[in-house]
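Heads up, coords.cif below (mmCIF, C-alpha atoms):
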```cif
data_model
#
loop_
_atom_site.label_atom_id
_atom_site.label_comp_id
_atom_site.auth_asym_id
_atom_site.auth_seq_id
_atom_site.Cartn_x
_atom_site.Cartn_y
_atom_site.Cartn_z
CA MET A 58 0.00 0.00 0.00
CA ALA A 59 1.10 3.53 -0.70
CA THR A 60 1.85 5.76 2.28
CA PRO A 61 -0.07 9.06 2.27
CA PRO A 62 2.16 12.13 2.08
CA VAL A 63 2.72 13.95 5.35
CA ALA A 64 2.51 17.53 4.13
CA PRO A 65 1.27 17.49 0.54
CA SER A 66 0.80 20.48 -1.69
CA ARG A 67 -2.84 20.42 -2.74
CA SER A 68 -4.85 22.17 -5.40
CA LEU A 69 -8.38 21.75 -6.66
CA PRO A 70 -9.05 21.17 -10.36
CA ARG A 71 -9.02 24.36 -12.38
CA GLY A 72 -7.78 26.67 -9.68
CA SER A 73 -8.89 27.82 -6.26
CA PRO A 74 -11.50 26.38 -3.86
CA TRP A 75 -13.34 29.69 -3.63
CA LEU A 76 -16.65 28.24 -4.86
CA TYR A 77 -16.50 25.44 -2.27
CA ASP A 78 -15.99 28.08 0.42
CA VAL A 79 -18.86 30.20 -0.90
CA GLY A 80 -21.19 27.20 -0.94
CA LEU A 81 -20.11 26.19 2.54
CA ARG A 82 -20.77 29.68 3.90
CA LEU A 83 -24.21 29.72 2.26
CA PHE A 84 -25.13 26.36 3.80
CA GLU A 85 -23.81 27.50 7.18
CA GLY A 86 -25.85 30.68 6.94
CA LEU A 87 -28.98 28.75 5.96
CA SER A 88 -28.44 26.37 8.90
CA ARG A 89 -28.21 29.28 11.33
CA ALA A 90 -31.19 31.09 9.82
CA ALA A 91 -33.37 27.97 9.99
CA ARG A 92 -31.95 27.07 13.41
CA ILE A 93 -30.98 23.62 12.18
CA GLU A 94 -29.41 21.61 14.95
CA ILE A 95 -26.42 19.67 13.58
CA THR A 96 -24.82 17.46 16.21
CA ALA A 97 -21.70 15.39 15.52
CA THR A 98 -20.48 12.42 17.54
CA GLY A 99 -17.64 9.95 17.17
CA LEU A 100 -15.09 12.45 15.89
CA GLU A 101 -12.59 10.90 18.28
CA ASN A 102 -12.76 7.80 16.05
CA VAL A 103 -11.35 9.68 13.06
CA PRO A 104 -7.57 9.38 12.70
CA PRO A 105 -5.58 12.58 12.08
CA GLY A 106 -4.74 13.40 8.50
CA GLN A 107 -6.56 12.42 5.37
CA VAL A 108 -9.33 9.82 5.27
CA VAL A 109 -11.97 8.30 3.01
CA LEU A 110 -15.44 9.11 4.37
CA ALA A 111 -18.13 6.58 3.41
CA ILE A 112 -21.43 8.39 4.05
CA THR A 113 -24.92 6.92 4.32
CA HIS A 114 -27.34 8.18 1.70
CA PHE A 115 -30.88 8.57 3.00
CA GLY A 116 -31.53 12.13 1.80
CA TYR A 117 -30.44 14.42 -1.01
CA VAL A 118 -28.62 16.89 1.24
CA ASP A 119 -26.72 14.46 3.48
CA PHE A 120 -23.43 15.84 2.18
CA VAL A 121 -24.16 19.28 3.68
CA PRO A 122 -23.95 18.50 7.43
CA VAL A 123 -20.85 16.37 6.84
CA ALA A 124 -19.09 19.22 5.00
CA ILE A 125 -20.11 21.71 7.71
CA VAL A 126 -18.93 19.48 10.55
CA TRP A 127 -15.70 18.62 8.76
CA TRP A 128 -14.82 22.29 8.27
CA ALA A 129 -15.82 23.25 11.82
CA ARG A 130 -13.75 20.49 13.44
CA ARG A 131 -10.91 19.89 10.96
CA ARG A 132 -10.70 23.19 9.05
CA ASP A 133 -10.38 21.17 5.89
CA ARG A 134 -12.30 20.74 2.65
CA LEU A 135 -13.55 17.45 1.24
CA ARG A 136 -13.39 16.14 -2.30
CA PHE A 137 -16.84 14.64 -2.96
CA LEU A 138 -17.53 11.90 -5.47
CA VAL A 139 -20.82 12.80 -7.16
CA GLY A 140 -23.11 10.60 -9.27
CA PRO A 141 -23.60 11.34 -12.97
CA ARG A 142 -27.11 12.82 -12.78
CA PRO A 143 -26.12 16.37 -11.61
CA TYR A 144 -23.62 16.53 -14.47
CA ARG A 145 -26.46 16.45 -16.97
CA SER A 146 -26.70 20.17 -16.26
CA ARG A 147 -23.62 21.91 -17.65
CA LEU A 148 -23.90 24.71 -15.11
CA LEU A 149 -24.34 22.42 -12.11
CA GLY A 150 -21.65 20.06 -13.35
CA ALA A 151 -19.22 22.95 -13.79
CA ALA A 152 -20.02 24.23 -10.29
CA ILE A 153 -19.43 20.78 -8.76
CA THR A 154 -16.11 20.48 -10.57
CA ALA A 155 -15.09 23.98 -9.42
CA CYS A 156 -15.83 22.86 -5.85
CA GLY A 157 -13.44 19.96 -6.29
CA GLY A 158 -16.13 17.37 -6.95
CA MET A 159 -15.41 14.31 -9.06
CA ALA A 160 -17.96 12.56 -11.26
CA VAL A 161 -18.69 8.86 -10.79
CA LEU A 162 -18.53 7.46 -14.30
CA GLY A 163 -17.84 4.12 -15.92
CA ALA A 164 -17.25 0.54 -14.80
CA PRO A 165 -14.75 -0.98 -12.33
CA ASN A 166 -11.27 0.55 -12.71
CA HIS A 167 -13.02 3.61 -14.14
CA ALA A 168 -11.64 7.13 -14.33
CA SER A 169 -13.39 8.35 -11.16
CA LEU A 170 -11.65 5.69 -9.08
CA ASN A 171 -8.31 6.69 -10.55
CA ALA A 172 -9.08 10.37 -9.93
CA SER A 173 -9.97 9.57 -6.31
CA VAL A 174 -6.71 7.69 -5.79
CA ARG A 175 -4.79 10.63 -7.25
CA ALA A 176 -6.64 13.01 -4.90
CA LEU A 177 -5.77 10.79 -1.93
CA ASP A 178 -2.16 10.55 -3.04
CA ALA A 179 -2.14 14.36 -3.20
CA GLY A 180 -3.28 14.56 0.44
CA TRP A 181 -7.00 15.28 0.11
CA SER A 182 -9.74 13.57 2.08
CA VAL A 183 -12.38 12.05 -0.19
CA ALA A 184 -16.08 11.66 0.67
CA LEU A 185 -18.51 9.45 -1.19
CA PHE A 186 -21.80 7.55 -0.97
CA PRO A 187 -20.94 3.87 -1.55
CA GLU A 188 -24.64 2.91 -1.90
CA ALA A 189 -24.70 4.86 -5.20
CA GLY A 190 -28.17 6.28 -4.61
CA VAL A 191 -30.66 7.25 -1.93
CA SER A 192 -32.04 4.30 0.05
CA ARG A 193 -35.84 4.40 0.24
CA SER A 194 -35.84 2.14 3.31
CA PHE A 195 -33.53 4.50 5.23
CA THR A 196 -31.27 1.56 5.94
CA VAL A 197 -27.92 1.03 4.23
CA ARG A 198 -28.08 -0.73 0.88
CA ARG A 199 -25.43 -2.95 -0.64
CA CYS A 200 -22.24 -0.92 -1.07
CA HIS A 201 -20.21 -0.70 -4.24
CA THR A 202 -16.51 -1.49 -3.99
CA GLY A 203 -15.00 1.89 -4.94
CA ALA A 204 -14.55 3.13 -1.37
CA VAL A 205 -12.76 0.01 -0.13
CA ARG A 206 -10.63 -0.19 -3.26
CA MET A 207 -9.38 3.40 -3.06
CA ALA A 208 -8.69 3.05 0.67
CA ALA A 209 -6.82 -0.22 0.14
CA ALA A 210 -4.82 1.23 -2.74
CA THR A 211 -3.58 4.22 -0.75
CA GLY A 212 -3.52 2.99 2.85
CA VAL A 213 -5.84 5.84 3.87
CA PRO A 214 -8.29 5.04 6.72
CA LEU A 215 -11.85 4.26 5.62
CA VAL A 216 -14.32 5.89 8.05
CA PRO A 217 -18.07 5.11 7.99
CA VAL A 218 -20.33 8.13 8.54
CA GLY A 219 -23.99 7.88 9.50
CA VAL A 220 -26.25 10.88 8.82
CA TRP A 221 -29.70 10.85 10.39
CA GLY A 222 -32.41 13.47 10.05
CA GLY A 223 -31.40 15.06 6.76
CA HIS A 224 -33.83 12.80 4.90
CA ARG A 225 -36.71 14.46 6.76
CA VAL A 226 -35.91 17.63 4.78
CA THR A 227 -35.75 16.21 1.27
CA THR A 228 -35.40 12.68 0.01
CA ARG A 229 -36.37 10.28 -2.71
CA GLY A 230 -40.07 10.29 -3.58
CA HIS A 231 -41.04 13.10 -1.22
CA GLY A 232 -40.50 16.12 -3.44
CA THR A 233 -38.73 19.34 -2.56
CA PHE A 234 -41.49 21.82 -1.72
CA GLY A 235 -44.24 19.40 -0.72
CA THR A 236 -46.36 19.19 2.39
CA ARG A 237 -44.73 20.00 5.69
CA GLY A 238 -44.07 16.83 7.68
CA ARG A 239 -43.79 14.70 4.54
CA GLY A 240 -40.21 15.44 3.56
CA SER A 241 -39.66 18.86 1.99
CA PHE A 242 -37.70 22.05 2.50
CA ARG A 243 -40.69 23.19 4.58
CA ASP A 244 -39.25 20.95 7.32
CA LEU A 245 -35.97 22.88 7.52
CA TRP A 246 -37.06 24.99 10.50
CA ARG A 247 -35.27 23.69 13.59
CA ALA A 248 -34.63 20.36 11.88
CA PRO A 249 -32.42 18.10 14.01
CA ILE A 250 -29.61 16.35 12.13
CA ARG A 251 -27.17 13.89 13.64
CA VAL A 252 -23.81 12.90 12.15
CA HIS A 253 -21.84 10.00 13.61
CA PHE A 254 -18.30 9.02 12.63
CA GLY A 255 -17.67 5.32 13.25
CA ASP A 256 -14.47 3.39 13.81
CA PRO A 257 -12.31 2.96 10.69
CA VAL A 258 -13.11 -0.21 8.78
CA ASP A 259 -10.44 -2.86 9.20
CA LEU A 260 -9.35 -3.73 5.66
CA VAL A 261 -7.25 -6.87 5.28
CA ASP A 262 -4.58 -7.01 2.56
CA GLY A 263 -5.75 -9.19 -0.28
CA ASP A 264 -9.35 -9.28 0.92
CA ASP A 265 -12.02 -9.71 -1.73
CA PRO A 266 -13.49 -6.27 -2.58
CA GLU A 267 -17.07 -7.54 -2.34
CA ARG A 268 -16.42 -9.00 1.10
CA ALA A 269 -14.79 -5.75 2.19
CA ALA A 270 -17.77 -3.79 0.81
CA ALA A 271 -20.14 -5.95 2.86
CA LYS A 272 -18.05 -5.15 5.93
CA LEU A 273 -18.33 -1.45 5.07
CA GLN A 274 -22.11 -1.75 4.70
CA HIS A 275 -22.34 -3.20 8.21
CA ALA A 276 -20.12 -0.43 9.62
CA MET A 277 -22.19 2.28 7.90
CA GLN A 278 -25.42 0.85 9.29
CA LYS A 279 -23.85 0.78 12.75
CA ALA A 280 -22.91 4.46 12.34
CA ALA A 281 -26.46 5.32 11.20
CA ASN A 282 -27.90 3.52 14.23
CA ALA A 283 -25.56 5.49 16.50
CA ALA A 284 -26.64 8.76 14.84
CA ALA A 285 -30.31 7.90 15.40
CA LEU A 286 -29.79 6.76 18.98
CA ASP A 287 -30.44 10.12 20.68
CA PHE A 288 -32.49 11.70 17.88
CA PRO A 289 -34.72 14.36 19.52
CA LEU A 290 -37.84 13.17 17.69
CA GLY A 291 -37.38 9.62 18.92
CA GLN A 292 -38.85 6.71 16.95
CA PRO A 293 -42.58 7.42 16.60
CA ALA A 294 -44.54 4.41 15.36
CA GLY A 295 -45.53 4.69 11.72
CA ALA A 296 -43.40 7.78 11.00
CA TRP A 297 -42.67 7.90 7.27
CA TRP A 298 -39.00 8.72 7.89
CA LEU A 299 -38.40 5.76 10.24
CA PRO A 300 -37.28 2.35 8.89
CA ALA A 301 -39.90 -0.39 8.84
CA LYS A 302 -37.78 -2.66 11.04
CA PHE A 303 -38.03 -0.01 13.79
CA GLY A 304 -41.79 0.27 13.47
CA GLY A 305 -41.75 3.16 10.99
CA GLY A 306 -43.68 3.72 7.80
CA ALA A 307 -40.74 3.61 5.38
CA PRO A 308 -40.63 0.83 2.79
CA SER A 309 -39.14 -2.44 3.97
CA GLU A 310 -35.77 -3.50 2.57
CA ALA A 311 -37.54 -6.10 0.40
CA GLU A 312 -39.89 -3.44 -1.02
CA ARG A 313 -36.93 -1.12 -1.57
CA ASP A 314 -35.11 -3.77 -3.58
CA ILE A 315 -38.18 -4.39 -5.73
CA TRP A 316 -38.60 -0.71 -6.51
CA ASP A 317 -34.88 -0.28 -7.16
CA ALA A 318 -35.10 -3.12 -9.67
CA ARG A 319 -38.05 -1.40 -11.33
CA ASP A 320 -36.03 1.78 -11.59
CA MET A 321 -33.22 -0.14 -13.27
CA ASN A 322 -35.74 -1.42 -15.80
CA GLY A 323 -37.18 2.02 -16.43
CA MET A 324 -40.37 1.41 -14.42
CA ARG A 325 -41.07 4.09 -11.82
CA PRO A 326 -42.95 3.01 -8.67
CA ASP A 327 -45.89 4.96 -7.32
CA ARG A 328 -44.59 8.31 -6.05
CA ASP A 329 -46.36 8.10 -2.69
CA LYS A 330 -44.74 4.78 -1.90
CA MET A 331 -41.18 5.59 -2.95
#
```

Is it possible to give me this structure as structure tokens?
Amino acid sequence: MATPPVAPSRSLPRGSPWLYDVGLRLFEGLSRAARIEITATGLENVPPGQVVLAITHFGYVDFVPVAIVWWARRRDRLRFLVGPRPYRSRLLGAAITACGGMAVLGAPNHASLNASVRALDAGWSVALFPEAGVSRSFTVRRCHTGAVRMAAATGVPLVPVGVWGGHRVTTRGHGTFGTRGRGSFRDLWRAPIRVHFGDPVDLVDGDDPERAAAKLQHAMQKAANAAALDFPLGQPAGAWWLPAKFGGGAPSEAERDIWDARDMNGMRPDRDKM
């Protein structure tokens, strides 16, 4: 394994990180204005220096509290791996790239994996969503192997991050400006969000990537459970944002898998049940 540089000289693609900083300040300002309560735990589990952050993906804005916490505690920026859909907009894609984002494109050994390894070798911390999409069940789906492969290739610690509460603001199948209490930006006011950093995943040299990805999935679910442990709203029975296995109204994991398969085949499930 390669040893991460101690004091690397870093630069974002195409110049300065000014747009990342502007976006971060805007999100911080919005959080203060809406009195959003972002609470982070487990930061003592994160080793010093660069890391790979494997973040749960239950809502569309789960990257925001992680970036805010990371800057507040580490005074460092993250390089996010972003799925291909936002890049369909030239303007949004250009903005993501200017912020240091990297597009997830291609098959195994694809360019985004190589770009991530180069970023890690240059001393950056990389953040990504190994589930490759929002989980309707609000439990961690099967993880792709990119996170474990880039961590194994560079020797950088792989840290699972559970985000809980962001999906109550906006998530898959619940719109953006819908009814308050059903998952929309109307729920921003005083929204509680928890972020938990778990213990680094123990990667064994020569381990099968799929086996390592399954280990990561377990660690991410453990981090999500820890984030939800002291959630101010508790676990109200039947709540749409609570997993079915905890008595909530979210789709079960079996239903989630069925609807994900329909999506893959171009069949969209009923919006109210997504």

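Between CA of His253 (chain A) and CA of Ala269 (chain A) the separation is 20.7 Å.
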
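With distances taken from (-20.4, 5.5, 14.9) and restricted to all atoms listed in the file, the residues inside 6 Å are Gly99, His253, Phe254, Gly255, Ala280 and Ala283 of chain A.
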
Selection: 12 Å around Ser194 (chain A), all atoms listed in the file, excl. self and same-chain fewer than 3 positions, as a CSV table (one decimal) with C-alpha atoms, in the frame of the given file:
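Output (out-v1.csv):
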```csv
chain,number,residue,atom,x,y,z
A,113,THR,CA,-24.9,6.9,4.3
A,114,HIS,CA,-27.3,8.2,1.7
A,115,PHE,CA,-30.9,8.6,3.0
A,116,GLY,CA,-31.5,12.1,1.8
A,190,GLY,CA,-28.2,6.3,-4.6
A,191,VAL,CA,-30.7,7.2,-1.9
A,197,VAL,CA,-27.9,1.0,4.2
A,198,ARG,CA,-28.1,-0.7,0.9
A,224,HIS,CA,-33.8,12.8,4.9
A,228,THR,CA,-35.4,12.7,0.0
A,229,ARG,CA,-36.4,10.3,-2.7
A,230,GLY,CA,-40.1,10.3,-3.6
A,297,TRP,CA,-42.7,7.9,7.3
A,298,TRP,CA,-39.0,8.7,7.9
A,299,LEU,CA,-38.4,5.8,10.2
A,300,PRO,CA,-37.3,2.4,8.9
A,301,ALA,CA,-39.9,-0.4,8.8
A,302,LYS,CA,-37.8,-2.7,11.0
A,303,PHE,CA,-38.0,0.0,13.8
A,304,GLY,CA,-41.8,0.3,13.5
A,305,GLY,CA,-41.8,3.2,11.0
A,306,GLY,CA,-43.7,3.7,7.8
A,307,ALA,CA,-40.7,3.6,5.4
A,308,PRO,CA,-40.6,0.8,2.8
A,309,SER,CA,-39.1,-2.4,4.0
A,310,GLU,CA,-35.8,-3.5,2.6
A,311,ALA,CA,-37.5,-6.1,0.4
A,312,GLU,CA,-39.9,-3.4,-1.0
A,313,ARG,CA,-36.9,-1.1,-1.6
A,314,ASP,CA,-35.1,-3.8,-3.6
A,315,ILE,CA,-38.2,-4.4,-5.7
A,316,TRP,CA,-38.6,-0.7,-6.5
A,317,ASP,CA,-34.9,-0.3,-7.2
A,330,LYS,CA,-44.7,4.8,-1.9
A,331,MET,CA,-41.2,5.6,-3.0
```

If you apply the PyMOL selection byres ((chain A and resi 189) around 12) to this file, what residues do you get, as an MDAnalysis selection string? chainID A and resid 111:115 117 138:142 160:162 185:188 190:192 197:204 317

Exactly which residues make up the result of the PyMOL selection byres ((chain A and resi 84-95) around 8) on this file, given as a PyMOL selection string? chain A and resi 80-83+96-97+121-122+125+245-252

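If all atoms listed in the file are the atoms counted, then among A:Asp256, A:Asp133, A:Glu267, A:Asp119 the closest residue to Val226 (chain A) is A:Asp119.
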
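One distance worth recording is that between CA of Val183 (chain A) and CA of Ser169 (chain A), which is 11.6 Å.
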
For the point (-20.5, -0.3, 13.6) in file coordinates, what residues are within 12 Å, counting all atoms listed in the file? Give the answer as a VMD selection string? chain A and resid 99 102 216 to 219 253 to 259 272 to 284

Residues as selected, C-alpha atoms, written as a PDB file, in the frame of the given file, can you do that?
```
ATOM      1  CA  GLY A  99     -17.640   9.950  17.170  1.00  0.00           C
ATOM      2  CA  ASN A 102     -12.760   7.800  16.050  1.00  0.00           C
ATOM      3  CA  VAL A 216     -14.320   5.890   8.050  1.00  0.00           C
ATOM      4  CA  PRO A 217     -18.070   5.110   7.990  1.00  0.00           C
ATOM      5  CA  VAL A 218     -20.330   8.130   8.540  1.00  0.00           C
ATOM      6  CA  GLY A 219     -23.990   7.880   9.500  1.00  0.00           C
ATOM      7  CA  HIS A 253     -21.840  10.000  13.610  1.00  0.00           C
ATOM      8  CA  PHE A 254     -18.300   9.020  12.630  1.00  0.00           C
ATOM      9  CA  GLY A 255     -17.670   5.320  13.250  1.00  0.00           C
ATOM     10  CA  ASP A 256     -14.470   3.390  13.810  1.00  0.00           C
ATOM     11  CA  PRO A 257     -12.310   2.960  10.690  1.00  0.00           C
ATOM     12  CA  VAL A 258     -13.110  -0.210   8.780  1.00  0.00           C
ATOM     13  CA  ASP A 259     -10.440  -2.860   9.200  1.00  0.00           C
ATOM     14  CA  LYS A 272     -18.050  -5.150   5.930  1.00  0.00           C
ATOM     15  CA  LEU A 273     -18.330  -1.450   5.070  1.00  0.00           C
ATOM     16  CA  GLN A 274     -22.110  -1.750   4.700  1.00  0.00           C
ATOM     17  CA  HIS A 275     -22.340  -3.200   8.210  1.00  0.00           C
ATOM     18  CA  ALA A 276     -20.120  -0.430   9.620  1.00  0.00           C
ATOM     19  CA  MET A 277     -22.190   2.280   7.900  1.00  0.00           C
ATOM     20  CA  GLN A 278     -25.420   0.850   9.290  1.00  0.00           C
ATOM     21  CA  LYS A 279     -23.850   0.780  12.750  1.00  0.00           C
ATOM     22  CA  ALA A 280     -22.910   4.460  12.340  1.00  0.00           C
ATOM     23  CA  ALA A 281     -26.460   5.320  11.200  1.00  0.00           C
ATOM     24  CA  ASN A 282     -27.900   3.520  14.230  1.00  0.00           C
ATOM     25  CA  ALA A 283     -25.560   5.490  16.500  1.00  0.00           C
ATOM     26  CA  ALA A 284     -26.640   8.760  14.840  1.00  0.00           C
TER      27      ALA A 284
END
```

From A:Gly222, A:Ile153, A:Met321, A:Ala270, residue lying nearest Leu286 (chain A) [all atoms listed in the file]: A:Gly222

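The coordinates place CA of Ala209 (chain A) at 27.3 Å from CA of Pro74 (chain A).
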
Reference answer for the PyMOL selection byres ((chain A and resi 177) around 10), as a list in words: Pro61, Pro62, Gln107, Val108, Val109, Arg136, Asn171, Ala172, Ser173, Val174, Arg175, Ala176, Asp178, Ala179, Gly180, Trp181, Ser182, Val183, Met207, Ala208, Ala210, Thr211, Gly212 and Val213 of chain A

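Using only C-alpha atoms for every distance, the candidate list A:Ala296, A:Val220, A:Val205, A:Ala151 yields A:Val205 as the residue closest to Asp262 (chain A).
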
Residue with smallest distance to Arg268 (chain A) - pool A:Trp127, A:Arg206, A:Gly157, A:Ala285, counting all atoms listed in the file: A:Arg206

As a PDB file, in the frame of the given file, the rebuilt region 97-107 of chain A with all heavy atoms:
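Result went into rebuild-v1.pdb, see below:
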```pdb
ATOM      1  N   ALA A  97     -22.644  16.419  15.972  1.00  0.00           N
ATOM      2  CA  ALA A  97     -21.700  15.390  15.520  1.00  0.00           C
ATOM      3  C   ALA A  97     -21.170  14.599  16.703  1.00  0.00           C
ATOM      4  O   ALA A  97     -20.876  15.171  17.758  1.00  0.00           O
ATOM      5  CB  ALA A  97     -20.538  16.037  14.762  1.00  0.00           C
ATOM      6  N   THR A  98     -21.059  13.302  16.527  1.00  0.00           N
ATOM      7  CA  THR A  98     -20.480  12.420  17.540  1.00  0.00           C
ATOM      8  C   THR A  98     -19.474  11.494  16.870  1.00  0.00           C
ATOM      9  O   THR A  98     -19.478  11.320  15.648  1.00  0.00           O
ATOM     10  CB  THR A  98     -21.565  11.583  18.236  1.00  0.00           C
ATOM     11  OG1 THR A  98     -22.313  10.849  17.237  1.00  0.00           O
ATOM     12  CG2 THR A  98     -22.514  12.453  19.029  1.00  0.00           C
ATOM     13  N   GLY A  99     -18.598  10.924  17.685  1.00  0.00           N
ATOM     14  CA  GLY A  99     -17.640   9.950  17.170  1.00  0.00           C
ATOM     15  C   GLY A  99     -16.423  10.529  16.486  1.00  0.00           C
ATOM     16  O   GLY A  99     -15.639   9.781  15.900  1.00  0.00           O
ATOM     17  N   LEU A 100     -16.243  11.851  16.559  1.00  0.00           N
ATOM     18  CA  LEU A 100     -15.090  12.450  15.890  1.00  0.00           C
ATOM     19  C   LEU A 100     -13.771  11.950  16.457  1.00  0.00           C
ATOM     20  O   LEU A 100     -12.740  11.996  15.773  1.00  0.00           O
ATOM     21  CB  LEU A 100     -15.165  13.970  15.977  1.00  0.00           C
ATOM     22  CG  LEU A 100     -16.130  14.617  14.977  1.00  0.00           C
ATOM     23  CD1 LEU A 100     -16.538  15.993  15.435  1.00  0.00           C
ATOM     24  CD2 LEU A 100     -15.507  14.667  13.593  1.00  0.00           C
ATOM     25  N   GLU A 101     -13.807  11.468  17.696  1.00  0.00           N
ATOM     26  CA  GLU A 101     -12.590  10.900  18.280  1.00  0.00           C
ATOM     27  C   GLU A 101     -12.169   9.604  17.579  1.00  0.00           C
ATOM     28  O   GLU A 101     -11.028   9.158  17.714  1.00  0.00           O
ATOM     29  CB  GLU A 101     -12.800  10.635  19.778  1.00  0.00           C
ATOM     30  CG  GLU A 101     -13.785   9.529  20.117  1.00  0.00           C
ATOM     31  CD  GLU A 101     -15.237   9.991  20.078  1.00  0.00           C
ATOM     32  OE1 GLU A 101     -15.490  11.170  19.732  1.00  0.00           O
ATOM     33  OE2 GLU A 101     -16.130   9.163  20.391  1.00  0.00           O
ATOM     34  N   ASN A 102     -13.079   9.023  16.793  1.00  0.00           N
ATOM     35  CA  ASN A 102     -12.760   7.800  16.050  1.00  0.00           C
ATOM     36  C   ASN A 102     -11.978   8.073  14.779  1.00  0.00           C
ATOM     37  O   ASN A 102     -11.417   7.142  14.189  1.00  0.00           O
ATOM     38  CB  ASN A 102     -14.048   7.054  15.681  1.00  0.00           C
ATOM     39  CG  ASN A 102     -14.842   6.615  16.889  1.00  0.00           C
ATOM     40  OD1 ASN A 102     -14.269   6.250  17.912  1.00  0.00           O
ATOM     41  ND2 ASN A 102     -16.158   6.640  16.785  1.00  0.00           N
ATOM     42  N   VAL A 103     -11.964   9.330  14.343  1.00  0.00           N
ATOM     43  CA  VAL A 103     -11.350   9.680  13.060  1.00  0.00           C
ATOM     44  C   VAL A 103      -9.859   9.929  13.252  1.00  0.00           C
ATOM     45  O   VAL A 103      -9.469  10.824  14.011  1.00  0.00           O
ATOM     46  CB  VAL A 103     -12.018  10.925  12.444  1.00  0.00           C
ATOM     47  CG1 VAL A 103     -11.422  11.216  11.070  1.00  0.00           C
ATOM     48  CG2 VAL A 103     -13.526  10.725  12.351  1.00  0.00           C
ATOM     49  N   PRO A 104      -9.018   9.166  12.565  1.00  0.00           N
ATOM     50  CA  PRO A 104      -7.570   9.380  12.700  1.00  0.00           C
ATOM     51  C   PRO A 104      -7.165  10.747  12.163  1.00  0.00           C
ATOM     52  O   PRO A 104      -7.860  11.318  11.305  1.00  0.00           O
ATOM     53  CB  PRO A 104      -6.957   8.258  11.845  1.00  0.00           C
ATOM     54  CG  PRO A 104      -8.052   7.272  11.644  1.00  0.00           C
ATOM     55  CD  PRO A 104      -9.330   8.056  11.659  1.00  0.00           C
ATOM     56  N   PRO A 105      -6.066  11.316  12.639  1.00  0.00           N
ATOM     57  CA  PRO A 105      -5.580  12.580  12.080  1.00  0.00           C
ATOM     58  C   PRO A 105      -5.145  12.400  10.634  1.00  0.00           C
ATOM     59  O   PRO A 105      -4.801  11.296  10.215  1.00  0.00           O
ATOM     60  CB  PRO A 105      -4.397  12.938  12.993  1.00  0.00           C
ATOM     61  CG  PRO A 105      -3.962  11.637  13.583  1.00  0.00           C
ATOM     62  CD  PRO A 105      -5.201  10.816  13.728  1.00  0.00           C
ATOM     63  N   GLY A 106      -5.154  13.473   9.897  1.00  0.00           N
ATOM     64  CA  GLY A 106      -4.740  13.400   8.500  1.00  0.00           C
ATOM     65  C   GLY A 106      -5.897  13.053   7.590  1.00  0.00           C
ATOM     66  O   GLY A 106      -7.065  13.124   7.956  1.00  0.00           O
ATOM     67  N   GLN A 107      -5.560  12.672   6.384  1.00  0.00           N
ATOM     68  CA  GLN A 107      -6.560  12.420   5.370  1.00  0.00           C
ATOM     69  C   GLN A 107      -7.268  11.085   5.599  1.00  0.00           C
ATOM     70  O   GLN A 107      -6.723  10.150   6.186  1.00  0.00           O
ATOM     71  CB  GLN A 107      -5.912  12.416   3.985  1.00  0.00           C
ATOM     72  CG  GLN A 107      -4.906  11.286   3.810  1.00  0.00           C
ATOM     73  CD  GLN A 107      -4.178  11.390   2.510  1.00  0.00           C
ATOM     74  OE1 GLN A 107      -2.963  11.481   2.509  1.00  0.00           O
ATOM     75  NE2 GLN A 107      -4.874  11.362   1.398  1.00  0.00           N
TER      76      GLN A 107
END
```
